[in-house]
>>> print(open('structure.txt').read())   # compact mmCIF, C-alpha atoms and all ligand atoms
# COMPACT_ATOMS: atom_id res chain seq x y z
CA MET B 1 5.15 11.21 16.35
CA LYS B 2 6.82 12.80 13.38
CA MET B 3 10.39 13.57 12.62
CA LYS B 4 10.72 16.66 10.52
CA TRP B 5 12.56 19.92 10.87
CA THR B 6 9.95 21.58 13.05
CA VAL B 7 10.07 22.71 16.65
CA ARG B 8 7.52 20.16 17.73
CA ASP B 9 9.21 17.23 16.05
CA VAL B 10 12.61 18.19 17.35
CA GLY B 11 11.05 18.25 20.82
CA ALA B 12 9.95 14.66 20.23
CA TYR B 13 13.49 13.87 19.18
CA PHE B 14 14.91 14.99 22.50
CA ALA B 15 12.43 12.79 24.31
CA GLU B 16 13.37 9.71 22.28
CA ARG B 17 16.89 10.36 21.11
CA ASP B 18 18.15 6.90 21.98
CA TYR B 19 15.89 5.51 19.30
CA VAL B 20 16.57 8.08 16.60
CA ASP B 21 19.95 7.29 15.10
CA THR B 22 19.48 8.14 11.43
CA ALA B 23 19.54 11.40 9.51
CA VAL B 24 18.05 11.77 6.05
CA VAL B 25 19.26 14.66 3.93
CA PRO B 26 17.81 15.30 0.47
CA LEU B 27 20.33 16.76 -2.00
CA VAL B 28 18.62 19.32 -4.22
CA LYS B 29 20.21 21.19 -7.09
CA ILE B 30 19.10 24.72 -7.90
CA THR B 31 19.30 26.73 -11.10
CA TRP B 32 17.38 29.59 -12.63
CA HIS B 33 19.34 29.63 -15.81
CA ASN B 34 18.99 26.64 -18.08
CA GLU B 35 17.52 23.17 -17.80
CA ILE B 36 15.30 24.65 -15.15
CA LYS B 37 12.49 22.21 -15.60
CA ALA B 38 14.62 19.07 -15.50
CA THR B 39 16.39 20.37 -12.42
CA VAL B 40 13.14 21.14 -10.66
CA GLU B 41 11.75 17.74 -11.56
CA GLN B 42 14.75 16.04 -9.99
CA GLY B 43 14.58 18.15 -6.88
CA GLU B 44 10.87 17.62 -6.48
CA PHE B 45 11.22 13.88 -6.82
CA THR B 46 14.09 13.80 -4.34
CA THR B 47 12.07 15.73 -1.77
CA LEU B 48 9.07 13.52 -2.36
CA MET B 49 11.02 10.31 -1.82
CA ALA B 50 12.65 11.66 1.33
CA ASP B 51 9.22 12.60 2.59
CA ARG B 52 7.81 9.18 1.90
CA LEU B 53 10.72 7.57 3.66
CA GLU B 54 10.10 9.71 6.69
CA GLY B 55 6.42 8.76 6.56
CA GLN B 56 7.33 5.08 6.84
CA LEU B 57 10.25 5.21 9.24
CA LYS B 58 9.67 8.32 11.31
CA GLY B 59 10.36 6.60 14.60
CA ARG B 60 14.01 6.09 13.81
CA LEU B 61 14.98 8.84 11.41
CA MET B 62 15.04 12.58 11.30
CA LEU B 63 14.37 14.31 8.00
CA PHE B 64 16.58 17.36 7.57
CA PRO B 65 15.95 20.31 5.27
CA PRO B 66 17.49 19.75 1.86
CA PHE B 67 21.15 20.40 1.20
CA THR B 68 20.92 22.79 -1.75
CA TYR B 69 23.59 23.82 -4.23
CA LEU B 70 23.77 25.84 -7.38
CA LYS B 71 24.25 24.12 -10.65
CA SER B 72 27.21 26.43 -11.19
CA GLU B 73 28.94 25.48 -7.93
CA ASP B 74 31.83 23.18 -8.64
CA VAL B 75 31.55 19.63 -7.43
CA ALA B 76 34.57 19.76 -5.12
CA ASN B 77 33.05 22.67 -3.29
CA ARG B 78 29.64 21.02 -2.93
CA LEU B 79 31.34 17.94 -1.63
CA LYS B 80 33.26 19.89 0.95
CA ARG B 81 30.15 21.60 2.24
CA LEU B 82 28.21 18.37 2.34
CA GLN B 83 30.98 16.60 4.21
CA SER B 84 30.82 19.23 6.91
CA TRP B 85 27.09 18.49 7.33
CA MET B 86 27.87 14.82 7.61
CA GLU B 87 30.66 15.35 10.10
CA MET B 88 28.38 17.38 12.30
CA LEU B 89 25.59 14.82 12.14
CA ARG B 90 27.90 11.93 12.95
CA ARG B 91 29.62 13.79 15.73
CA ASP B 92 26.31 14.68 17.28
CA GLY B 93 24.87 11.21 17.49
CA MET B 94 23.59 10.15 14.08
CA LYS B 95 24.93 6.65 13.44
CA HIS B 96 23.52 6.60 9.94
CA VAL B 97 23.28 9.38 7.41
CA PHE B 98 21.34 8.82 4.19
CA LEU B 99 21.79 11.28 1.37
CA ILE B 100 18.90 11.00 -1.05
CA THR B 101 19.16 12.47 -4.53
CA SER B 102 18.05 12.12 -8.13
CA ASP B 103 21.01 14.17 -9.32
CA ALA B 104 23.41 11.77 -11.05
CA GLU B 105 26.32 14.17 -10.62
CA TRP B 106 26.73 12.95 -7.04
CA LYS B 107 27.60 9.51 -8.33
CA THR B 108 30.91 10.87 -9.54
CA VAL B 109 31.96 11.56 -5.95
CA GLU B 110 30.11 8.69 -4.35
CA SER B 111 33.27 7.11 -2.96
CA ASP B 112 33.87 10.25 -0.89
CA LEU B 113 30.49 9.94 0.78
CA ASP B 114 31.11 6.80 2.83
CA GLU B 115 28.25 4.57 1.75
CA SER B 116 25.67 7.24 2.44
CA LEU B 117 24.49 8.12 -1.04
CA ILE B 118 21.21 6.71 -2.31
CA TRP B 119 20.61 7.74 -5.89
CA ILE B 120 17.10 7.35 -7.27
CA PRO B 121 16.34 8.25 -10.87
CA SER B 122 13.43 10.65 -10.96
CA LEU B 123 10.18 9.58 -12.61
CA PRO B 124 8.42 11.76 -15.19
CA LEU B 125 5.41 12.14 -12.91
CA GLU B 126 3.85 15.03 -14.80
CA HIS B 127 3.15 12.72 -17.72
CA MET B 128 1.41 10.07 -15.66
CA ASP B 129 -2.14 9.77 -14.52
CA PRO B 130 -2.36 10.17 -10.74
CA GLU B 131 -3.21 6.59 -9.98
CA HIS B 132 -0.34 5.17 -11.99
CA GLY B 133 1.99 7.79 -10.55
CA ASP B 134 0.94 6.87 -7.03
CA GLU B 135 1.64 3.25 -7.69
CA MET B 136 5.10 3.94 -9.07
CA ILE B 137 5.94 6.15 -6.12
CA ALA B 138 4.77 3.45 -3.74
CA ASN B 139 6.99 0.97 -5.51
CA GLN B 140 10.00 3.26 -5.45
CA THR B 141 9.40 3.97 -1.79
CA LYS B 142 9.38 0.27 -1.11
CA GLN B 143 12.76 -0.15 -2.80
CA LEU B 144 14.17 2.77 -0.86
CA LEU B 145 12.86 1.29 2.35
CA GLN B 146 14.58 -1.99 1.62
CA ILE B 147 17.90 -0.25 1.08
CA VAL B 148 17.60 1.66 4.33
CA THR B 149 16.49 -1.30 6.43
CA ALA B 150 19.21 -3.49 4.89
CA LYS B 151 21.80 -0.93 5.96
CA TRP B 152 20.37 -0.85 9.45
CA GLN B 153 20.55 -4.63 9.66
CA ASN B 154 24.12 -4.80 8.42
CA ALA B 155 25.34 -2.07 10.72
CA MET J 1 37.65 10.48 -6.42
CA SER J 2 35.79 7.38 -7.39
CA SER J 3 37.59 4.40 -8.76
CA GLU J 4 35.94 2.99 -11.86
CA HIS J 5 36.50 -0.66 -11.12
CA ASP J 6 35.45 -0.83 -7.57
CA VAL J 7 31.79 -1.84 -7.54
CA SER J 8 30.88 -1.40 -3.93
CA ARG J 9 27.86 -2.81 -2.25
CA ARG J 10 26.27 0.61 -2.34
CA GLN J 11 26.86 1.04 -6.03
CA PHE J 12 25.42 -2.37 -6.58
CA LEU J 13 22.33 -1.31 -4.69
CA ASN J 14 22.15 1.86 -6.73
CA TYR J 15 22.36 -0.04 -9.97
CA THR J 16 19.79 -2.48 -8.77
CA LEU J 17 17.53 0.39 -7.88
CA THR J 18 18.00 1.92 -11.32
CA GLY J 19 17.11 -1.39 -12.84
CA VAL J 20 14.05 -1.69 -10.68
CA GLY J 21 13.06 1.85 -11.65
CA GLY J 22 13.16 0.91 -15.29
CA PHE J 23 11.24 -2.25 -14.63
CA MET J 24 8.57 -0.36 -12.78
CA ALA J 25 8.32 2.18 -15.56
CA ALA J 26 7.21 -0.79 -17.62
CA GLY J 27 4.13 -1.00 -15.43
CA MET J 28 4.77 -3.38 -12.56
CA THR J 29 2.07 -3.44 -9.94
CA LEU J 30 1.96 -4.70 -6.42
CA PRO J 31 -1.12 -6.82 -5.93
CA MET J 32 -1.45 -6.15 -2.22
CA ILE J 33 -1.57 -2.36 -2.56
CA ARG J 34 -4.73 -0.68 -3.68
CA PHE J 35 -5.67 2.95 -3.94
CA ALA J 36 -8.90 4.75 -3.38
CA ILE J 37 -8.53 8.29 -4.63
CA ASP J 38 -11.92 9.73 -3.83
CA PRO J 39 -13.17 8.72 -0.45
CA LEU J 40 -16.78 9.06 0.45
CA LEU J 41 -16.72 11.87 2.91
CA LYS J 42 -19.75 12.92 4.88
CA GLN J 43 -19.35 15.84 7.25
CA GLY J 44 -21.76 15.63 10.13
CA LYS J 45 -21.69 17.19 13.56
CA GLY J 46 -20.64 14.78 16.25
CA GLU J 47 -21.29 11.97 13.85
CA GLU J 48 -18.63 9.53 12.85
CA ASN J 49 -17.12 9.90 9.38
CA PHE J 50 -16.80 6.74 7.38
CA TYR J 51 -14.49 6.39 4.41
CA ASP J 52 -14.95 4.13 1.46
CA ILE J 53 -11.55 2.51 1.05
CA GLY J 54 -12.37 0.89 -2.26
CA LEU J 55 -12.64 -2.65 -0.96
CA LYS J 56 -15.64 -4.94 -1.14
CA GLU J 57 -16.61 -7.31 1.62
CA SER J 58 -16.27 -10.13 -0.89
CA ASP J 59 -12.59 -9.14 -1.42
CA LEU J 60 -11.75 -9.76 2.23
CA THR J 61 -9.36 -12.58 3.02
CA GLU J 62 -7.93 -14.10 6.15
CA GLN J 63 -4.58 -12.61 5.10
CA PRO J 64 -4.32 -8.90 5.93
CA GLN J 65 -4.42 -6.72 2.80
CA LYS J 66 -2.79 -3.34 2.82
CA ILE J 67 -5.13 -0.66 1.50
CA GLN J 68 -4.31 2.99 0.96
CA PHE J 69 -6.96 5.64 1.23
CA VAL J 70 -7.11 9.41 1.35
CA GLN J 71 -8.41 11.28 4.34
CA LYS J 72 -9.36 14.87 3.50
CA ASP J 73 -8.71 18.11 5.38
CA ILE J 74 -6.50 16.87 8.16
CA LYS J 75 -5.34 19.67 10.42
CA ASP J 76 -1.85 19.57 11.82
CA GLY J 77 -0.72 22.69 13.61
CA TRP J 78 -0.97 25.46 11.05
CA TYR J 79 -1.41 23.21 8.08
CA THR J 80 -4.44 21.63 6.48
CA PHE J 81 -3.94 18.85 3.98
CA ASP J 82 -5.22 15.61 2.57
CA GLN J 83 -3.40 12.63 3.88
CA LYS J 84 -2.81 9.22 2.40
CA LYS J 85 -3.28 6.56 4.99
CA GLU J 86 -2.76 2.87 5.09
CA VAL J 87 -4.84 0.26 6.77
CA TYR J 88 -4.59 -3.51 7.04
CA VAL J 89 -7.97 -5.16 6.50
CA PHE J 90 -8.86 -8.81 6.97
CA LYS J 91 -11.32 -11.28 8.42
CA HIS J 92 -10.45 -13.18 11.55
CA GLU J 93 -12.82 -15.72 13.07
CA GLY J 94 -15.71 -14.12 11.23
CA GLU J 95 -14.90 -10.61 12.47
CA ILE J 96 -13.63 -7.81 10.24
CA PHE J 97 -10.44 -6.14 11.43
CA ALA J 98 -9.04 -2.84 10.14
CA LEU J 99 -5.73 -2.09 11.83
CA SER J 100 -3.59 1.00 11.62
CA PRO J 101 -0.02 0.13 10.60
CA VAL J 102 1.43 2.88 12.78
CA CYS J 103 3.71 1.24 15.34
CA THR J 104 2.67 2.20 18.86
CA HIS J 105 6.31 2.63 19.83
CA LEU J 106 7.45 5.67 17.80
CA GLY J 107 5.31 5.62 14.71
CA CYS J 108 7.12 3.71 11.97
CA LEU J 109 4.84 1.68 9.70
CA VAL J 110 4.71 -2.04 10.41
CA HIS J 111 4.64 -4.71 7.72
CA TRP J 112 2.66 -7.93 7.62
CA SER J 113 4.61 -11.04 6.91
CA PRO J 114 3.12 -14.46 6.17
CA GLU J 115 6.65 -15.90 6.05
CA PRO J 116 9.42 -16.75 8.54
CA PRO J 117 11.31 -15.68 10.57
CA TYR J 118 8.23 -14.06 12.11
CA ALA J 119 5.40 -15.67 10.20
CA ASN J 120 1.92 -14.20 10.57
CA GLU J 121 3.00 -11.23 12.58
CA PHE J 122 3.25 -7.53 11.93
CA GLN J 123 6.82 -6.34 12.26
CA CYS J 124 8.23 -2.90 12.73
CA PRO J 125 11.34 -2.14 10.65
CA CYS J 126 12.62 0.47 13.11
CA HIS J 127 13.27 -1.11 16.51
CA GLY J 128 11.89 -4.59 16.03
CA SER J 129 8.51 -4.48 17.72
CA ARG J 130 6.11 -7.21 16.66
CA PHE J 131 2.35 -7.68 16.82
CA THR J 132 0.04 -10.65 16.40
CA LYS J 133 -2.39 -10.81 13.51
CA THR J 134 -5.06 -9.02 15.52
CA GLY J 135 -2.50 -6.35 16.36
CA ILE J 136 -1.62 -7.26 19.94
CA ASN J 137 1.90 -6.27 20.93
CA ILE J 138 4.33 -9.04 21.74
CA ALA J 139 5.87 -8.74 25.18
CA GLY J 140 9.47 -7.68 25.72
CA LEU J 141 9.75 -5.47 22.64
CA PRO J 142 9.71 -1.66 22.48
CA ALA J 143 6.01 -1.21 21.65
CA THR J 144 3.87 -1.49 24.78
CA ALA J 145 0.40 -1.12 23.27
CA PRO J 146 -1.60 -2.90 20.55
CA LEU J 147 -1.97 -1.46 17.05
CA HIS J 148 -4.91 0.92 16.87
CA ARG J 149 -8.10 -0.39 15.35
CA TYR J 150 -10.58 1.34 13.05
CA ASP J 151 -14.34 1.08 13.35
CA VAL J 152 -15.64 -0.80 10.34
CA LYS J 153 -19.03 -1.02 8.74
CA VAL J 154 -20.28 -2.72 5.64
CA LYS J 155 -22.65 -0.79 3.39
CA ASP J 156 -23.93 -2.18 0.10
CA GLY J 157 -21.16 -4.75 0.22
CA LYS J 158 -18.46 -2.07 0.59
CA ILE J 159 -16.06 -1.79 3.49
CA LEU J 160 -16.22 1.61 5.21
CA ILE J 161 -13.61 2.74 7.72
CA GLY J 162 -14.49 5.00 10.66
CA ASN J 163 -12.66 6.31 13.70
CA LEU J 164 -9.43 4.94 15.02
CA HIS J 165 -9.24 3.61 18.57
CA PRO J 166 -6.35 2.71 20.85
CA ARG J 167 -6.76 -0.58 22.72
CA ASN J 168 -4.64 -0.06 25.78
CA ASN J 169 -6.58 -2.48 27.96
CA ILE J 170 -5.46 -5.58 26.06
CA PRO J 171 -2.42 -7.27 27.64
CA ALA J 172 0.71 -8.09 25.64
CA VAL J 173 1.13 -11.66 24.44
CA PRO J 174 4.25 -13.76 25.01
CA PRO J 175 6.54 -14.29 22.03
CA LYS J 176 6.04 -17.31 19.82
CA TYR J 177 9.50 -16.99 18.27
S1 LIG D 1 8.79 2.55 16.05
FE1 LIG D 1 8.24 0.48 15.89
S2 LIG D 1 9.64 -0.45 17.20
FE2 LIG D 1 10.14 1.63 17.43
>>> encode(input="structure.txt", output="structure tokens")
Amino acid sequence: MKMKWTVRDVGAYFAERDYVDTAVVPLVKITWHNEIKATVEQGEFTTLMADRLEGQLKGRLMLFPPFTYLKSEDVANRLKRLQSWMEMLRRDGMKHVFLITSDAEWKTVESDLDESLIWIPSLPLEHMDPEHGDEMIANQTKQLLQIVTAKWQNA
Amino acid sequence: MSSEHDVSRRQFLNYTLTGVGGFMAAGMTLPMIRFAIDPLLKQGKGEENFYDIGLKESDLTEQPQKIQFVQKDIKDGWYTFDQKKEVYVFKHEGEIFALSPVCTHLGCLVHWSPEPPYANEFQCPCHGSRFTKTGINIAGLPATAPLHRYDVKVKDGKILIGNLHPRNNIPAVPPKY
């Protein structure tokens, strides 16, 4: 079974919804103006980590498409939009929502995101040889996993 | 907005994670994880494909080791891709075992633990299923089938992994804990 935003996976969700109580939403910033490369790097890393998390814990979580926002959008506005995602998810059965991002700007509004934010600094993967990169990703995934399972246990 | 002096549990975790990130950037490695980037892939009609997972027979221990390997050209619906897979490999009573870590309940990846509370069992982080060392499901938990097992062969001292098989005919074992 898999738990991604596809028709087949959502079908699996309906069959097993009692066991799937966690939503994962990657937060990805978009710009086509300046600091493009750094922004893309962050977004790519965020998506990658969310994907790895889903790979490990697919039986209990559903990976949603990324919540995207323009670099130029003001933070209050982003927050408002994101909160409406979270409200919907909670109302419709998701006991846990994990927001995954490498964008440090979210940390400034972290207290408005009720314990859901997991910030992971992105790694400069393009400068690493594949094997080393793989190992670092595996290590980061492991840390992420520990955070998520700890939250499950303390719930 | 966020209060500067309130270090919540979550922030603590975030800071810890940042710290760990920096530490890992310094080159930390996990001894139990290995990678094999280029698997030996032989395409043959009706013939089983065996993958070199980068482990020698002499490296085998009684403790399960988690090995990652790449399986090429997997087809999933419309997509074709290479997939990284994990397998737990070990020797048990002279026999080589290669078990898939995919929980037979809903597919989370199980972890091997030599330590309490569930020593020498595979545990699933999602809904608490557990499996014995040879991958047999423990009764009364969500998973109702054993972990799937790979065919294994040894060639020139190297461990090769073949097809994956379910083992639905093996009964669950009663819990030890
Ligand atoms: S997926 Fe392993 S117990 Fe549910």
>>> atom_distance(input="structure.txt", atom1="CA of Tyr13 (chain B)", atom2="CA of Tyr150 (chain J)")
27.8 Å
>>> interface_residues(input="structure.txt", of="chain B", to="chain J", cutoff="9 Å", atoms="only C-alpha atoms", output="PyMOL selection string")
chain B and resi 1-2+16+19+54-61+107-112+115-123+130-132+134-136+138-140+143-144+147+149+152
>>> closest_residue(input="structure.txt", among="J:Tyr79, J:Tyr177, J:Phe122, J:Tyr51", to="ligand LIG 1 (chain D)", atoms="only C-alpha atoms and all ligand atoms")
J:Phe122
>>> axis_aligned_box(input="structure.txt", around="region 124-136 of chain B", padding_each_side="4 Å", output="lines of an AutoDock Vina configuration file")
center_x = 2.6
center_y = 9.1
center_z = -12.4
size_x = 19.6
size_y = 19.8
size_z = 18.7
>>> closest_residue(input="structure.txt", among="J:Glu48, J:Asp76, J:Asp151, J:Asp156", to="Leu99 (chain J)", atoms="all atoms listed in the file")
J:Asp151
>>> atom_distance(input="structure.txt", atom1="CA of Arg130 (chain J)", atom2="CA of Pro117 (chain J)")
11.7 Å
>>> closest_residue(input="structure.txt", among="J:Ile67, J:Gly128, J:Thr61, J:Asp73", to="Gly94 (chain J)", atoms="only C-alpha atoms")
J:Thr61
